[in-house]
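Report on the following structure.
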Amino acid sequence: MRKSHPVRRAVLATAATVSGIVLLLSLKPASDPGAAEAAGGAAPPAAAQSPQGGSQPIGDGTVTGDAAKTQYGPVQVRLTVSGGKITKAEAIQAPKGGQSDQITSNAIPKLNQAAIEAQSADIDAVSGATYTSTGYKKSLQSALDKARAAAGGGGGGEAQARTVTGDVADTQYGPVQVRITVTGGKITKAEAVQAPKGGQSDQISSNAIPKLNQAAVTAGNAGIDAVSGATYTSAGYKKSLQSALDKAGG
């Protein structure tokens, strides 16, 4: 009987091993999402969507961002939102005095326009106004965050009522503080939880406050007329009312 040559046996064994490996590889899944993610590869489409708040809706109305301190003074931005888009941007505080007046008058209109065009706080700084631009963007982002929080706070029920109390507004005759109830995006009730009192102030408040409450509900904003004979109380009322509206997201 002829004995098998050792080299031939080695070749046959090697061929069998290679065939087995090829067969195993052909049975392995074509893709392994877990392995791809662990290796730093592209994640599945659903996981790739990680917006940083930019795609979240913003509530309609007027909202004021937090004041941002800069080296030359505070910057504070107020937005008007309609249809989920910024329609107006304005700086209600900006650096002033000396050279700051010129820088502010040049930079702020450009920043306002940029905010409307970008519909976000991702805007370029104005040349020569780096500190003002940085403060503007910070306050703008704060306003957008508040508007998004207001839009998401309705819980899907537009008829849900919310009660918001504005900041206290100090006047020459005493503090004024307004509380509003908002239902379906509209002021349905306004009341003064604080008003000037004592002496003649009692009579003035009892006459002016009901009129101011009604005016706030009718107007739906803080753009209401002062009550005759109650200038200071009216001014404080409007200031606190605007604060309440800002907290409510407009």
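Convention: chains lettered A, B, ... in structure tokens order; per-chain residue numbering from 1; ligands numbered from 1 as shown.
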As a PyMOL selection string, please: the residues near region 88-104 of chain A (cut-off 10 Å, only C-alpha atoms, same-chain neighbours under 4 positions excluded).
chain A and resi 62-65+67-82+108-116+126-133+135-136+139-140
Please identify which residues in region 166-212 of chain A DSSP calls alpha helix (DSSP H) from the backbone, and express them as a PyMOL selection string.
chain A and resi 200-212
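Take CA of Val193 (chain A) and CA of Ala149 (chain A): the distance between them is 25.5 Å.
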Mind checking which residues fall within 12 Å of Arg162 (chain A), counting only C-alpha atoms, ignoring those fewer than 6 positions away in the same chain, and posting them as a compact mmCIF listing (two decimals) with N, CA and C atoms, in the first residue's frame?
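To be explicit, this is the file written out as part.txt:
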```txt
# COMPACT_ATOMS: atom_id res chain seq x y z
N ALA A 150 -41.49 78.07 27.34
CA ALA A 150 -42.90 78.46 27.35
C ALA A 150 -43.70 77.65 26.34
N GLY A 153 -44.19 74.21 27.71
CA GLY A 153 -44.84 74.12 29.01
C GLY A 153 -46.34 73.99 28.95
N GLY A 154 -46.90 74.06 27.74
CA GLY A 154 -48.35 73.99 27.62
C GLY A 154 -48.88 72.58 27.74
N GLY A 155 -47.98 71.59 27.66
CA GLY A 155 -48.40 70.19 27.80
C GLY A 155 -49.36 69.75 26.73
N ARG A 179 -50.24 90.16 38.93
CA ARG A 179 -50.37 88.73 38.68
C ARG A 179 -51.36 88.53 37.54
N ILE A 180 -50.99 87.70 36.58
CA ILE A 180 -51.88 87.46 35.45
C ILE A 180 -52.18 85.96 35.32
N THR A 181 -53.33 85.66 34.76
CA THR A 181 -53.70 84.30 34.41
C THR A 181 -53.76 84.22 32.89
N VAL A 182 -53.03 83.28 32.34
CA VAL A 182 -52.95 83.13 30.88
C VAL A 182 -53.61 81.82 30.48
N THR A 183 -54.55 81.88 29.57
CA THR A 183 -55.24 80.70 29.07
C THR A 183 -55.27 80.75 27.55
N GLY A 184 -54.80 79.67 26.94
CA GLY A 184 -54.80 79.64 25.48
C GLY A 184 -53.96 80.74 24.87
N GLY A 185 -52.90 81.14 25.57
CA GLY A 185 -52.01 82.16 25.04
C GLY A 185 -52.51 83.58 25.21
N LYS A 186 -53.60 83.76 25.96
CA LYS A 186 -54.16 85.10 26.17
C LYS A 186 -54.34 85.39 27.65
N ILE A 187 -54.24 86.68 28.00
CA ILE A 187 -54.48 87.08 29.39
C ILE A 187 -55.98 87.03 29.64
N THR A 188 -56.37 86.20 30.58
CA THR A 188 -57.79 86.09 30.93
C THR A 188 -58.11 86.77 32.25
N LYS A 189 -57.07 87.07 33.03
CA LYS A 189 -57.29 87.75 34.29
C LYS A 189 -56.02 88.50 34.68
N ALA A 190 -56.19 89.71 35.20
CA ALA A 190 -55.07 90.50 35.69
C ALA A 190 -55.47 91.11 37.03
N ALA A 244 -44.34 89.99 34.15
CA ALA A 244 -45.16 88.77 34.19
C ALA A 244 -45.29 88.16 32.80
N LEU A 245 -45.47 89.00 31.81
CA LEU A 245 -45.58 88.52 30.43
C LEU A 245 -44.29 87.86 29.98
N LYS A 247 -42.13 86.37 31.88
CA LYS A 247 -42.03 85.07 32.54
C LYS A 247 -42.95 84.04 31.91
N ALA A 248 -44.08 84.52 31.39
CA ALA A 248 -45.03 83.61 30.76
C ALA A 248 -44.66 83.31 29.32
N GLY A 249 -43.57 83.90 28.86
CA GLY A 249 -43.16 83.67 27.48
C GLY A 249 -43.97 84.50 26.51
```
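Taking CA of Lys137 (chain A) and CA of Ala121 (chain A) as endpoints, the distance between them is 5.5 Å.
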One number please: CA of Ser206 (chain A) to CA of Val168 (chain A), in Å, one decimal.
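Pair CA of Ser206 (chain A) / CA of Val168 (chain A) returns 18.6 Å.
Residue nearest Val227 (chain A) within the list A:Asn207, A:Thr163, A:Gln242, A:Ser201: A:Asn207 [criterion: smallest interatomic distance, only C-alpha atoms].
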Taking 4 positions as the minimum chain separation for residues in the same chain, which residues sit within 12 Å of region 229-234 of chain A when counting only C-alpha atoms? Answer as an MDAnalysis selection string.
chainID A and resid 168:178 192 194:197 200:213 215:216 222:225 238:241
Going by DSSP on the backbone, which residues of region 28-238 of chain A come out as strand (DSSP E)? List them as a VMD selection string.
chain A and resid 61 to 64 76 to 82 85 to 93 161 to 165 169 to 171 174 to 183 186 to 194
